[in-house]
$ cat upload28.csv   # CSV, C-alpha atoms
chain,number,residue,atom,x,y,z
A,1,MET,CA,29.9,42.7,-83.6
A,2,THR,CA,28.6,46.3,-83.7
A,3,GLY,CA,26.0,45.2,-81.1
A,4,GLN,CA,28.8,44.0,-78.8
A,5,LEU,CA,30.8,47.2,-79.4
A,6,ALA,CA,27.7,49.3,-78.6
A,7,ASP,CA,27.2,47.3,-75.4
A,8,ILE,CA,30.8,47.9,-74.3
A,9,TRP,CA,30.4,51.6,-75.1
A,10,VAL,CA,27.2,51.7,-73.0
A,11,TYR,CA,29.0,50.0,-70.1
A,12,LEU,CA,32.1,52.3,-70.3
A,13,ALA,CA,30.2,55.5,-70.9
A,14,ALA,CA,28.4,55.0,-67.5
A,15,ARG,CA,31.8,55.1,-65.7
A,16,PRO,CA,33.6,58.3,-64.8
A,17,LEU,CA,37.0,56.8,-65.7
A,18,LEU,CA,36.2,56.9,-69.5
A,19,SER,CA,35.4,60.6,-69.8
A,20,LEU,CA,38.3,61.4,-67.5
A,21,THR,CA,40.7,59.5,-69.6
A,22,LEU,CA,39.3,60.8,-72.9
A,23,THR,CA,39.7,64.4,-71.5
A,24,LEU,CA,43.4,63.8,-70.9
A,25,ILE,CA,43.9,62.1,-74.3
A,26,ALA,CA,42.0,64.9,-76.2
A,27,TYR,CA,44.0,67.6,-74.4
A,28,GLN,CA,47.3,65.9,-75.2
A,29,ALA,CA,46.2,65.5,-78.8
A,30,GLY,CA,45.5,69.2,-78.8
A,31,LEU,CA,49.0,69.9,-77.4
A,32,TRP,CA,50.6,67.7,-80.0
A,33,ALA,CA,48.6,69.4,-82.9
A,34,SER,CA,49.4,72.8,-81.5
A,35,ARG,CA,53.1,72.0,-81.6
A,36,LYS,CA,52.8,70.6,-85.1
A,37,ALA,CA,51.2,73.8,-86.2
A,38,GLY,CA,54.2,75.8,-84.9
A,39,MET,CA,52.1,77.0,-81.8
A,40,HIS,CA,49.9,79.1,-84.1
A,41,PRO,CA,47.4,81.1,-81.9
A,42,LEU,CA,44.4,79.5,-83.6
A,43,ALA,CA,45.7,76.0,-83.1
A,44,ASN,CA,44.9,76.3,-79.4
A,45,PRO,CA,45.1,73.0,-77.5
A,46,VAL,CA,41.9,73.7,-75.5
A,47,LEU,CA,40.0,74.5,-78.7
A,48,ILE,CA,41.3,71.3,-80.3
A,49,ALA,CA,40.4,69.2,-77.3
A,50,VAL,CA,36.9,70.7,-77.0
A,51,ILE,CA,36.2,70.1,-80.7
A,52,LEU,CA,37.4,66.4,-80.5
A,53,LEU,CA,35.3,65.7,-77.4
A,54,VAL,CA,32.2,67.5,-78.6
A,55,ALA,CA,32.5,65.5,-81.9
A,56,LEU,CA,32.9,62.2,-80.0
A,57,LEU,CA,30.0,63.0,-77.6
A,58,ALA,CA,27.7,64.2,-80.4
A,59,GLY,CA,28.7,61.2,-82.6
A,60,THR,CA,27.9,58.6,-79.8
A,61,GLY,CA,24.8,60.5,-78.5
A,62,THR,CA,26.3,60.8,-75.1
A,63,PRO,CA,24.8,63.6,-73.0
A,64,TYR,CA,27.1,66.3,-71.5
A,65,ALA,CA,25.9,65.4,-68.0
A,66,THR,CA,27.3,61.8,-68.4
A,67,TYR,CA,30.6,63.2,-69.7
A,68,PHE,CA,30.8,65.6,-66.8
A,69,GLU,CA,30.5,62.9,-64.2
A,70,GLY,CA,34.0,61.9,-65.1
A,71,ALA,CA,35.4,65.2,-66.3
A,72,GLN,CA,34.4,67.0,-63.0
A,73,PHE,CA,37.5,65.6,-61.4
A,74,VAL,CA,39.6,67.8,-63.8
A,75,HIS,CA,37.1,70.7,-63.6
A,76,PHE,CA,37.3,70.6,-59.8
A,77,LEU,CA,41.0,71.6,-59.9
A,78,LEU,CA,40.2,75.0,-61.3
A,79,GLY,CA,39.5,76.2,-57.8
A,80,PRO,CA,42.8,75.1,-56.3
A,81,ALA,CA,44.6,76.5,-59.5
A,82,THR,CA,43.0,79.9,-58.9
A,83,VAL,CA,44.4,79.8,-55.3
A,84,ALA,CA,47.8,78.9,-56.7
A,85,LEU,CA,47.8,82.1,-58.8
A,86,ALA,CA,49.0,83.7,-55.5
A,87,LEU,CA,52.5,82.2,-56.3
A,88,PRO,CA,53.2,84.2,-59.5
A,89,LEU,CA,51.7,87.2,-57.9
A,90,TYR,CA,54.0,86.9,-54.9
A,91,ARG,CA,57.0,86.5,-57.1
A,92,GLN,CA,56.2,89.9,-58.7
A,93,ILE,CA,55.5,91.6,-55.4
A,94,GLU,CA,58.5,93.9,-55.6
A,95,ARG,CA,57.6,95.1,-59.1
A,96,VAL,CA,54.0,95.6,-58.0
A,97,LYS,CA,55.2,97.8,-55.1
A,98,THR,CA,57.4,100.0,-57.3
A,99,SER,CA,54.9,100.6,-60.1
A,100,ALA,CA,51.8,100.3,-57.9
A,101,LEU,CA,50.1,103.4,-59.2
A,102,ALA,CA,50.6,102.6,-62.9
A,103,ILE,CA,49.4,99.1,-62.3
A,104,ALA,CA,46.3,100.1,-60.3
A,105,VAL,CA,45.1,102.8,-62.8
A,106,SER,CA,45.7,100.7,-65.9
A,107,LEU,CA,44.1,97.7,-64.2
A,108,ILE,CA,40.9,99.6,-63.5
A,109,ALA,CA,40.9,101.2,-67.0
A,110,GLY,CA,41.4,97.7,-68.6
A,111,THR,CA,38.8,96.0,-66.4
A,112,LEU,CA,36.2,98.6,-67.1
A,113,THR,CA,36.9,98.6,-70.8
A,114,ALA,CA,36.7,94.8,-71.0
A,115,ILE,CA,33.3,94.7,-69.2
A,116,LEU,CA,31.7,97.8,-70.8
A,117,THR,CA,32.7,97.3,-74.4
A,118,ALA,CA,31.8,93.6,-74.3
A,119,VAL,CA,28.3,94.1,-72.7
A,120,GLY,CA,27.8,97.4,-74.7
A,121,THR,CA,28.6,95.9,-78.1
A,122,ALA,CA,26.6,92.7,-77.5
A,123,TRP,CA,23.6,94.8,-76.2
A,124,LEU,CA,23.7,97.1,-79.3
A,125,LEU,CA,23.6,94.0,-81.5
A,126,GLY,CA,20.6,92.6,-79.7
A,127,ALA,CA,22.1,89.8,-77.6
A,128,SER,CA,19.9,88.2,-75.0
A,129,GLN,CA,20.1,88.9,-71.3
A,130,ALA,CA,21.7,85.5,-70.6
A,131,THR,CA,24.4,86.3,-73.2
A,132,LEU,CA,25.0,89.7,-71.7
A,133,VAL,CA,25.6,88.3,-68.2
A,134,SER,CA,27.7,85.5,-69.5
A,135,ILE,CA,30.0,87.7,-71.7
A,136,ALA,CA,30.6,90.4,-69.0
A,137,PRO,CA,33.5,88.5,-67.2
A,138,LYS,CA,35.0,87.1,-70.5
A,139,SER,CA,38.4,88.6,-69.9
A,140,VAL,CA,38.9,86.9,-66.5
A,141,THR,CA,40.5,83.5,-66.2
A,142,ALA,CA,37.9,80.7,-66.5
A,143,PRO,CA,37.3,79.5,-62.9
A,144,VAL,CA,36.8,83.0,-61.6
A,145,ALA,CA,34.7,84.1,-64.7
A,146,MET,CA,32.4,81.1,-64.2
A,147,GLY,CA,32.0,81.9,-60.5
A,148,ILE,CA,31.1,85.6,-61.3
A,149,SER,CA,28.7,84.5,-64.1
A,150,GLU,CA,26.9,82.1,-61.8
A,151,GLN,CA,26.5,84.7,-59.1
A,152,LEU,CA,25.0,87.2,-61.6
A,153,GLY,CA,22.6,84.6,-63.0
A,154,GLY,CA,24.5,83.9,-66.2
A,155,LEU,CA,25.4,80.5,-67.8
A,156,PRO,CA,28.8,79.5,-66.3
A,157,SER,CA,29.4,76.9,-69.1
A,158,LEU,CA,28.7,79.6,-71.8
A,159,THR,CA,31.0,82.0,-69.9
A,160,ALA,CA,33.7,79.3,-70.0
A,161,VAL,CA,33.4,79.0,-73.8
A,162,LEU,CA,33.5,82.8,-74.2
A,163,VAL,CA,36.5,83.1,-71.9
A,164,ILE,CA,38.4,80.5,-74.0
A,165,LEU,CA,37.5,82.3,-77.2
A,166,THR,CA,38.6,85.6,-75.8
A,167,GLY,CA,41.9,84.1,-74.8
A,168,ILE,CA,42.6,82.7,-78.2
A,169,LEU,CA,41.5,86.0,-79.9
A,170,GLY,CA,43.7,88.1,-77.6
A,171,ALA,CA,46.7,86.0,-78.3
A,172,ALA,CA,46.1,86.2,-82.0
A,173,VAL,CA,45.3,89.9,-82.4
A,174,GLY,CA,47.0,91.3,-79.3
A,175,PRO,CA,50.5,91.9,-80.8
A,176,LEU,CA,48.9,93.6,-83.9
A,177,VAL,CA,46.9,95.9,-81.7
A,178,LEU,CA,49.9,96.8,-79.5
A,179,ASN,CA,52.0,97.6,-82.6
A,180,LEU,CA,49.1,99.7,-83.9
A,181,VAL,CA,48.9,101.9,-80.7
A,182,ARG,CA,52.8,102.0,-80.7
A,183,VAL,CA,53.3,100.7,-77.2
A,184,LYS,CA,56.9,99.3,-77.0
A,185,ASP,CA,57.4,98.9,-73.3
A,186,TRP,CA,57.4,95.1,-72.5
A,187,ALA,CA,55.8,95.6,-69.1
A,188,ALA,CA,52.8,97.5,-70.6
A,189,ARG,CA,52.5,95.1,-73.5
A,190,GLY,CA,52.4,92.1,-71.2
A,191,PHE,CA,50.0,93.7,-68.7
A,192,ALA,CA,47.6,94.5,-71.5
A,193,LEU,CA,47.6,91.0,-72.8
A,194,GLY,CA,47.1,89.5,-69.4
A,195,THR,CA,44.2,91.9,-68.6
A,196,ALA,CA,42.4,91.3,-71.8
A,197,SER,CA,43.0,87.6,-72.4
A,198,HIS,CA,44.0,86.0,-69.0
A,199,GLY,CA,46.0,82.7,-69.1
A,200,ILE,CA,46.1,82.3,-72.9
A,201,GLY,CA,47.4,85.8,-73.4
A,202,THR,CA,49.9,85.2,-70.6
A,203,ALA,CA,51.2,82.1,-72.3
A,204,ARG,CA,51.7,84.2,-75.5
A,205,ALA,CA,53.4,87.0,-73.7
A,206,LEU,CA,55.8,84.5,-71.9
A,207,GLN,CA,56.9,83.2,-75.3
A,208,VAL,CA,57.9,86.6,-76.5
A,209,ASN,CA,59.5,88.3,-73.5
A,210,GLU,CA,60.1,87.3,-69.9
A,211,LEU,CA,59.2,90.7,-68.4
A,212,ALA,CA,56.0,90.8,-70.6
A,213,GLY,CA,55.1,87.3,-69.3
A,214,ALA,CA,55.6,88.3,-65.7
A,215,PHE,CA,53.4,91.4,-66.1
A,216,ALA,CA,50.8,89.4,-68.0
A,217,GLY,CA,50.6,86.8,-65.2
A,218,LEU,CA,50.3,89.7,-62.7
A,219,ALA,CA,47.5,91.3,-64.8
A,220,MET,CA,45.6,88.0,-65.0
A,221,GLY,CA,45.6,87.6,-61.2
A,222,LEU,CA,44.7,91.2,-60.6
A,223,ASN,CA,42.0,91.3,-63.2
A,224,ALA,CA,40.4,88.3,-61.6
A,225,LEU,CA,40.2,90.2,-58.4
A,226,ALA,CA,39.2,93.5,-59.9
A,227,THR,CA,36.4,92.1,-62.0
A,228,SER,CA,35.0,90.0,-59.2
A,229,LEU,CA,34.8,93.1,-57.1
A,230,LEU,CA,33.7,95.6,-59.8
A,231,LEU,CA,31.3,93.6,-61.9
A,232,PRO,CA,28.6,92.8,-59.3
A,233,LEU,CA,28.6,96.5,-58.4
A,234,LEU,CA,28.4,97.7,-62.0
A,235,TRP,CA,25.6,95.1,-62.6
A,236,ARG,CA,23.5,96.6,-59.9
A,237,LEU,CA,23.9,100.0,-61.4
A,238,LEU,CA,23.2,98.9,-65.0
A,239,PHE,CA,20.3,96.6,-64.5
B,1,MET,CA,53.8,67.7,-51.1
B,2,LEU,CA,50.6,66.5,-49.3
B,3,GLY,CA,51.0,69.4,-46.9
B,4,ALA,CA,51.2,72.0,-49.8
B,5,LEU,CA,48.1,70.5,-51.4
B,6,THR,CA,46.3,70.6,-48.1
B,7,LEU,CA,47.3,74.3,-47.7
B,8,ILE,CA,45.9,75.2,-51.1
B,9,PHE,CA,42.7,73.3,-50.4
B,10,ALA,CA,42.4,74.9,-47.0
B,11,CYS,CA,42.9,78.4,-48.5
B,12,GLN,CA,40.1,77.7,-51.0
B,13,LEU,CA,37.8,76.3,-48.2
B,14,ALA,CA,38.5,79.3,-46.0
B,15,GLY,CA,37.6,81.5,-49.0
B,16,GLU,CA,34.4,79.6,-49.7
B,17,LEU,CA,33.4,79.8,-46.0
B,18,LEU,CA,34.1,83.6,-45.9
B,19,VAL,CA,32.0,84.1,-49.0
B,20,ALA,CA,29.2,82.0,-47.5
B,21,VAL,CA,29.3,83.8,-44.2
B,22,THR,CA,29.8,87.4,-45.3
B,23,GLY,CA,27.9,87.3,-48.7
B,24,LEU,CA,30.9,88.9,-50.4
B,25,PRO,CA,30.3,89.2,-54.2
B,26,VAL,CA,33.6,87.5,-54.9
B,27,PRO,CA,34.2,83.8,-55.9
B,28,GLY,CA,35.6,81.7,-53.0
B,29,PRO,CA,38.8,80.7,-54.8
B,30,VAL,CA,39.8,84.4,-55.3
B,31,ILE,CA,39.5,85.0,-51.6
B,32,GLY,CA,41.6,81.8,-51.2
B,33,MET,CA,44.2,83.4,-53.5
B,34,VAL,CA,44.3,86.6,-51.5
B,35,LEU,CA,44.7,84.6,-48.2
B,36,LEU,CA,47.6,82.5,-49.6
B,37,LEU,CA,49.2,85.7,-51.0
B,38,GLY,CA,48.9,87.3,-47.5
B,39,GLY,CA,50.4,84.2,-45.9
B,40,LEU,CA,53.4,84.3,-48.3
B,41,ILE,CA,54.0,88.0,-47.6
B,42,VAL,CA,53.9,87.4,-43.9
B,43,ARG,CA,56.2,84.3,-44.2
B,44,GLY,CA,58.5,86.1,-46.7
B,45,GLY,CA,58.9,83.3,-49.2
B,46,ILE,CA,57.4,80.3,-51.0
B,47,PRO,CA,58.2,76.9,-49.5
B,48,GLU,CA,59.6,74.4,-52.0
B,49,PRO,CA,56.7,71.9,-51.9
B,50,LEU,CA,54.2,74.6,-52.4
B,51,ALA,CA,56.1,75.9,-55.4
B,52,ALA,CA,56.1,72.4,-56.8
B,53,VAL,CA,52.4,71.7,-56.3
B,54,GLY,CA,51.3,75.2,-57.4
B,55,GLY,CA,53.6,75.0,-60.4
B,56,ALA,CA,52.1,71.6,-61.4
B,57,LEU,CA,48.6,73.1,-61.2
B,58,LEU,CA,49.4,76.2,-63.2
B,59,SER,CA,51.5,74.6,-65.9
B,60,ASN,CA,48.5,72.4,-66.7
B,61,LEU,CA,46.0,75.2,-66.3
B,62,ALA,CA,44.8,75.0,-69.9
B,63,LEU,CA,43.7,71.4,-69.4
B,64,LEU,CA,41.4,72.4,-66.6
B,65,PHE,CA,39.3,74.5,-69.0
B,66,VAL,CA,38.5,71.6,-71.2
B,67,PRO,CA,35.5,70.1,-69.3
B,68,ALA,CA,33.8,73.5,-69.1
B,69,GLY,CA,34.7,74.2,-72.8
B,70,VAL,CA,32.9,71.0,-73.8
B,71,GLY,CA,29.8,72.6,-72.3
B,72,VAL,CA,29.6,74.5,-75.5
B,73,MET,CA,27.4,71.6,-76.7
B,74,LEU,CA,24.7,72.7,-74.4
B,75,HIS,CA,24.6,76.2,-75.9
B,76,VAL,CA,25.0,75.4,-79.6
B,77,ALA,CA,21.5,76.8,-80.3
B,78,LEU,CA,22.1,80.0,-78.3
B,79,ILE,CA,25.5,80.6,-79.9
B,80,GLY,CA,24.1,80.0,-83.4
B,81,ARG,CA,21.2,82.4,-82.8
B,82,GLU,CA,23.5,85.1,-81.4
B,83,ALA,CA,26.6,84.5,-83.4
B,84,LEU,CA,26.9,88.1,-84.7
B,85,PRO,CA,26.7,89.9,-81.3
B,86,ILE,CA,28.9,87.4,-79.6
B,87,THR,CA,31.7,87.5,-82.3
B,88,VAL,CA,31.7,91.3,-82.7
B,89,ALA,CA,31.5,91.9,-79.0
B,90,LEU,CA,34.5,89.5,-78.3
B,91,LEU,CA,36.6,91.1,-81.1
B,92,VAL,CA,35.8,94.7,-80.3
B,93,SER,CA,36.2,94.3,-76.5
B,94,THR,CA,39.4,92.3,-76.7
B,95,ALA,CA,41.1,94.7,-79.0
B,96,ALA,CA,39.8,97.8,-77.1
B,97,THR,CA,40.9,96.3,-73.7
B,98,ILE,CA,44.4,95.6,-75.0
B,99,ALA,CA,44.8,99.1,-76.5
B,100,VAL,CA,43.4,101.0,-73.5
B,101,THR,CA,45.4,99.0,-70.9
B,102,ALA,CA,48.7,99.3,-72.8
B,103,LEU,CA,48.3,103.0,-73.5
B,104,VAL,CA,47.4,103.9,-69.9
B,105,MET,CA,50.2,101.8,-68.4
B,106,ASN,CA,52.7,103.2,-71.0
B,107,ALA,CA,51.7,106.8,-70.2
B,108,LEU,CA,52.0,106.3,-66.5
B,109,GLN,CA,55.3,104.4,-66.3
B,110,ARG,CA,57.1,106.1,-69.2
B,111,PRO,CA,59.7,108.0,-67.0
B,112,LYS,CA,61.1,104.7,-65.6
B,113,ALA,CA,60.8,102.1,-68.2
B,114,GLU,CA,62.2,103.6,-71.4
B,115,GLY,CA,65.1,101.2,-71.9
B,116,ASP,CA,64.1,97.6,-72.7
B,117,ALA,CA,61.6,98.1,-75.4
B,118,GLY,CA,61.1,96.4,-78.8
B,119,PRO,CA,57.8,95.9,-80.6
B,120,HIS,CA,58.6,92.8,-82.4
B,121,ASP,CA,56.4,89.8,-81.8
B,122,ASP,CA,56.7,86.9,-84.1
B,123,GLY,CA,56.1,83.2,-83.5
B,124,GLY,CA,52.7,81.7,-82.7
B,125,GLY,CA,50.6,81.6,-79.6
B,126,GLY,CA,50.7,78.4,-77.7
B,127,GLU,CA,49.1,76.8,-74.8
B,128,ALA,CA,47.4,78.6,-72.0
B,129,ARG,CA,48.8,78.4,-68.6
$ encode --input "upload28.csv" --output "structure tokens"
Amino acid sequence: MTGQLADIWVYLAARPLLSLTLTLIAYQAGLWASRKAGMHPLANPVLIAVILLVALLAGTGTPYATYFEGAQFVHFLLGPATVALALPLYRQIERVKTSALAIAVSLIAGTLTAILTAVGTAWLLGASQATLVSIAPKSVTAPVAMGISEQLGGLPSLTAVLVILTGILGAAVGPLVLNLVRVKDWAARGFALGTASHGIGTARALQVNELAGAFAGLAMGLNALATSLLLPLLWRLLF
Amino acid sequence: MLGALTLIFACQLAGELLVAVTGLPVPGPVIGMVLLLGGLIVRGGIPEPLAAVGGALLSNLALLFVPAGVGVMLHVALIGREALPITVALLVSTAATIAVTALVMNALQRPKAEGDAGPHDDGGGGEAR
């Protein structure tokens, strides 16, 4: 009986459809659990889905490469989704024009802070070169961060993990930090969340206030652009 | 629908080609995003099918991170070895970035946006978009 089950698993595990289906199921389980937990920032659906899938793969001794043969069809859509970020950006184009200077200056301040404090802190605490490169674009939305990491010789899959952790952290501690520095303006609060913690911060901002959500989405798109332009230049200066 | 999907793919393809030809240090999809944004500005609006396809992609954005996130299993040893620098760097950098960005933005646009403020933020996080 167990032998038969194992045979069926071996058969299915070799097909892309299984890991594709499991990815969708795990994510929906994550969404369900997140709602059950009252959308608590630490009950992040991506985090839950990843834990479920890693446990399953490790438990069955399935290599990541086998899993990715199916999951790549989901992963592939990150590129088109990045292109689609043009839509929320376009919807905010009038606001961008009116506060263009404030947006540009705070974007550059935020982008540089994100890169320099992450790399600086990790370097001071003795992180390896691979970690330093992989952590540098951690505030940028995953598809773009992975592209930057790859170009600079980092580990794109490690970057993806760090990006997701950064998003969860930003959504959890962001409001506390914003209250601590006494920034009350919703546009500034949203812009800060989107700059530091991309899509996951944007989702959080959207829940709290519509204006904050719009500015968070804008910041996510602009930071993707700013980091992919600034980081390679900074890297050449630093290393 | 199909046309909108083709347009999004074509923008990404054009972005990837531009990066390959010019050696720009920017990921292809980001160039694709800029190209699409430029197109929308020239056209002066978002066509309905494009809004539908783009909305579908962005509303499930969090799902798309999952396959890459599972890649953590390849780096368990590295993350275990460097748990301290990674954890501290993520915490310090995320908090610092939020504080600096909000303070700069607040200082620069204070004259205009005094009205609709309110620091309360309760309720949990939720899914990424």
$ residues_around --input "upload28.csv" --residues "Gly153 (chain A)" --least-positions-apart "4" --cutoff "8 Å" --atoms "only C-alpha atoms" --output "ChimeraX atom specification"
/A:130,133,149
$ residues_near_point --input "upload28.csv" --point "(39.2, 77.8, -51.7)" --cutoff "9 Å" --atoms "only C-alpha atoms" --output "ChimeraX atom specification"
/A:79-80,82-83 /B:8-17,27-33
$ residues_around --input "upload28.csv" --residues "region 59-69 of chain A" --least-positions-apart "4" --cutoff "12 Å" --atoms "all atoms listed in the file" --output "number ranges by chain"
A: 5-6, 9-10, 12-23, 51-55, 73-76, 157; B: 66-75
$ write_last_selection --input "upload28.csv" --atoms "C-alpha atoms" --output "PDB file, in the coordinates of the input"
ATOM      1  CA  LEU A   5      30.800  47.200 -79.400  1.00  0.00           C
ATOM      2  CA  ALA A   6      27.700  49.300 -78.600  1.00  0.00           C
ATOM      3  CA  TRP A   9      30.400  51.600 -75.100  1.00  0.00           C
ATOM      4  CA  VAL A  10      27.200  51.700 -73.000  1.00  0.00           C
ATOM      5  CA  LEU A  12      32.100  52.300 -70.300  1.00  0.00           C
ATOM      6  CA  ALA A  13      30.200  55.500 -70.900  1.00  0.00           C
ATOM      7  CA  ALA A  14      28.400  55.000 -67.500  1.00  0.00           C
ATOM      8  CA  ARG A  15      31.800  55.100 -65.700  1.00  0.00           C
ATOM      9  CA  PRO A  16      33.600  58.300 -64.800  1.00  0.00           C
ATOM     10  CA  LEU A  17      37.000  56.800 -65.700  1.00  0.00           C
ATOM     11  CA  LEU A  18      36.200  56.900 -69.500  1.00  0.00           C
ATOM     12  CA  SER A  19      35.400  60.600 -69.800  1.00  0.00           C
ATOM     13  CA  LEU A  20      38.300  61.400 -67.500  1.00  0.00           C
ATOM     14  CA  THR A  21      40.700  59.500 -69.600  1.00  0.00           C
ATOM     15  CA  LEU A  22      39.300  60.800 -72.900  1.00  0.00           C
ATOM     16  CA  THR A  23      39.700  64.400 -71.500  1.00  0.00           C
ATOM     17  CA  ILE A  51      36.200  70.100 -80.700  1.00  0.00           C
ATOM     18  CA  LEU A  52      37.400  66.400 -80.500  1.00  0.00           C
ATOM     19  CA  LEU A  53      35.300  65.700 -77.400  1.00  0.00           C
ATOM     20  CA  VAL A  54      32.200  67.500 -78.600  1.00  0.00           C
ATOM     21  CA  ALA A  55      32.500  65.500 -81.900  1.00  0.00           C
ATOM     22  CA  PHE A  73      37.500  65.600 -61.400  1.00  0.00           C
ATOM     23  CA  VAL A  74      39.600  67.800 -63.800  1.00  0.00           C
ATOM     24  CA  HIS A  75      37.100  70.700 -63.600  1.00  0.00           C
ATOM     25  CA  PHE A  76      37.300  70.600 -59.800  1.00  0.00           C
ATOM     26  CA  SER A 157      29.400  76.900 -69.100  1.00  0.00           C
TER      27      SER A 157
ATOM     28  CA  VAL B  66      38.500  71.600 -71.200  1.00  0.00           C
ATOM     29  CA  PRO B  67      35.500  70.100 -69.300  1.00  0.00           C
ATOM     30  CA  ALA B  68      33.800  73.500 -69.100  1.00  0.00           C
ATOM     31  CA  GLY B  69      34.700  74.200 -72.800  1.00  0.00           C
ATOM     32  CA  VAL B  70      32.900  71.000 -73.800  1.00  0.00           C
ATOM     33  CA  GLY B  71      29.800  72.600 -72.300  1.00  0.00           C
ATOM     34  CA  VAL B  72      29.600  74.500 -75.500  1.00  0.00           C
ATOM     35  CA  MET B  73      27.400  71.600 -76.700  1.00  0.00           C
ATOM     36  CA  LEU B  74      24.700  72.700 -74.400  1.00  0.00           C
ATOM     37  CA  HIS B  75      24.600  76.200 -75.900  1.00  0.00           C
TER      38      HIS B  75
END
$ atom_distance --input "upload28.csv" --atom1 "CA of Leu101 (chain A)" --atom2 "CA of Trp235 (chain A)"
26.1 Å
$ residues_around --input "upload28.csv" --residues "Leu78 (chain B)" --least-positions-apart "4" --cutoff "12 Å" --atoms "all atoms listed in the file" --output "VMD selection string"
(chain A and resid 127 to 131 134 155 158) or (chain B and resid 72 to 74 82 to 86)
$ atom_distance --input "upload28.csv" --atom1 "CA of Pro45 (chain A)" --atom2 "CA of Leu31 (chain A)"
5.0 Å
$ closest_residue --input "upload28.csv" --among "B:Gly23, B:Gly54, B:Pro49, B:Gly39" --to "chain A" --atoms "only C-alpha atoms"
B:Gly54
$ closest_residue --input "upload28.csv" --among "A:Val163, A:Ile93, A:Ala187, A:Ile115" --to "Leu238 (chain A)" --atoms "only C-alpha atoms"
A:Ile115
$ residues_around --input "upload28.csv" --residues "Gly45 (chain B)" --least-positions-apart "2" --cutoff "12 Å" --atoms "only C-alpha atoms" --output "list in words"
Ala86, Leu87, Pro88, Leu89, Tyr90, Arg91, Gln92 and Ile93 of chain A; Leu36, Leu37, Gly38, Gly39, Leu40, Ile41, Val42, Arg43, Pro47, Glu48, Pro49, Leu50 and Ala51 of chain B
$ write_last_selection --input "upload28.csv" --atoms "C-alpha atoms" --output "compact mmCIF listing (two decimals), in the frame of the given file"
# COMPACT_ATOMS: atom_id res chain seq x y z
CA ALA A 86 49.00 83.70 -55.50
CA LEU A 87 52.50 82.20 -56.30
CA PRO A 88 53.20 84.20 -59.50
CA LEU A 89 51.70 87.20 -57.90
CA TYR A 90 54.00 86.90 -54.90
CA ARG A 91 57.00 86.50 -57.10
CA GLN A 92 56.20 89.90 -58.70
CA ILE A 93 55.50 91.60 -55.40
CA LEU B 36 47.60 82.50 -49.60
CA LEU B 37 49.20 85.70 -51.00
CA GLY B 38 48.90 87.30 -47.50
CA GLY B 39 50.40 84.20 -45.90
CA LEU B 40 53.40 84.30 -48.30
CA ILE B 41 54.00 88.00 -47.60
CA VAL B 42 53.90 87.40 -43.90
CA ARG B 43 56.20 84.30 -44.20
CA PRO B 47 58.20 76.90 -49.50
CA GLU B 48 59.60 74.40 -52.00
CA PRO B 49 56.70 71.90 -51.90
CA LEU B 50 54.20 74.60 -52.40
CA ALA B 51 56.10 75.90 -55.40
$ residues_around --input "upload28.csv" --residues "Ala196 (chain A)" --least-positions-apart "4" --cutoff "7 Å" --atoms "all atoms listed in the file" --output "NGL selection string"
(:A and (114 or 139 or 170 or 192)) or (:B and (94 or 97-98))
$ atom_distance --input "upload28.csv" --atom1 "CA of Leu169 (chain A)" --atom2 "CA of Val76 (chain B)"
19.6 Å
$ closest_residue --input "upload28.csv" --among "B:Thr87, B:Val100, B:Ser93, B:Leu35" --to "Leu7 (chain B)" --atoms "only C-alpha atoms"
B:Leu35
$ closest_residue --input "upload28.csv" --among "B:Val19, B:Pro25, B:Leu2, B:Ala56" --to "Leu152 (chain A)" --atoms "all atoms listed in the file"
B:Pro25
$ closest_residue --input "upload28.csv" --among "A:His198, A:Lys138, A:His40, A:Lys97" --to "Leu85 (chain A)" --atoms "only C-alpha atoms"
A:His198
$ closest_residue --input "upload28.csv" --among "B:Val104, B:Ala4, B:Ala99, B:Leu58" --to "Ile46 (chain B)" --atoms "all atoms listed in the file"
B:Ala4
$ decode --input "upload28.csv" --residues "region 48-55 of chain B" --atoms "N, CA and C atoms" --output "compact mmCIF listing (two decimals), in the first residue's frame"
# COMPACT_ATOMS: atom_id res chain seq x y z
N GLU B 48 -10.37 49.47 -21.16
CA GLU B 48 -11.05 48.57 -20.22
C GLU B 48 -10.42 47.18 -20.13
N PRO B 49 -10.12 46.50 -21.28
CA PRO B 49 -9.53 45.15 -21.18
C PRO B 49 -8.16 45.17 -20.47
N LEU B 50 -7.39 46.23 -20.69
CA LEU B 50 -6.08 46.33 -20.05
C LEU B 50 -6.24 46.48 -18.54
N ALA B 51 -7.23 47.29 -18.13
CA ALA B 51 -7.50 47.46 -16.70
C ALA B 51 -7.89 46.12 -16.07
N ALA B 52 -8.66 45.31 -16.83
CA ALA B 52 -9.11 44.01 -16.30
C ALA B 52 -7.93 43.04 -16.15
N VAL B 53 -7.11 42.91 -17.21
CA VAL B 53 -5.99 41.97 -17.17
C VAL B 53 -4.95 42.43 -16.14
N GLY B 54 -4.61 43.73 -16.16
CA GLY B 54 -3.64 44.25 -15.20
C GLY B 54 -4.13 44.11 -13.78
N GLY B 55 -5.42 44.37 -13.58
CA GLY B 55 -6.01 44.23 -12.25
C GLY B 55 -5.93 42.80 -11.75
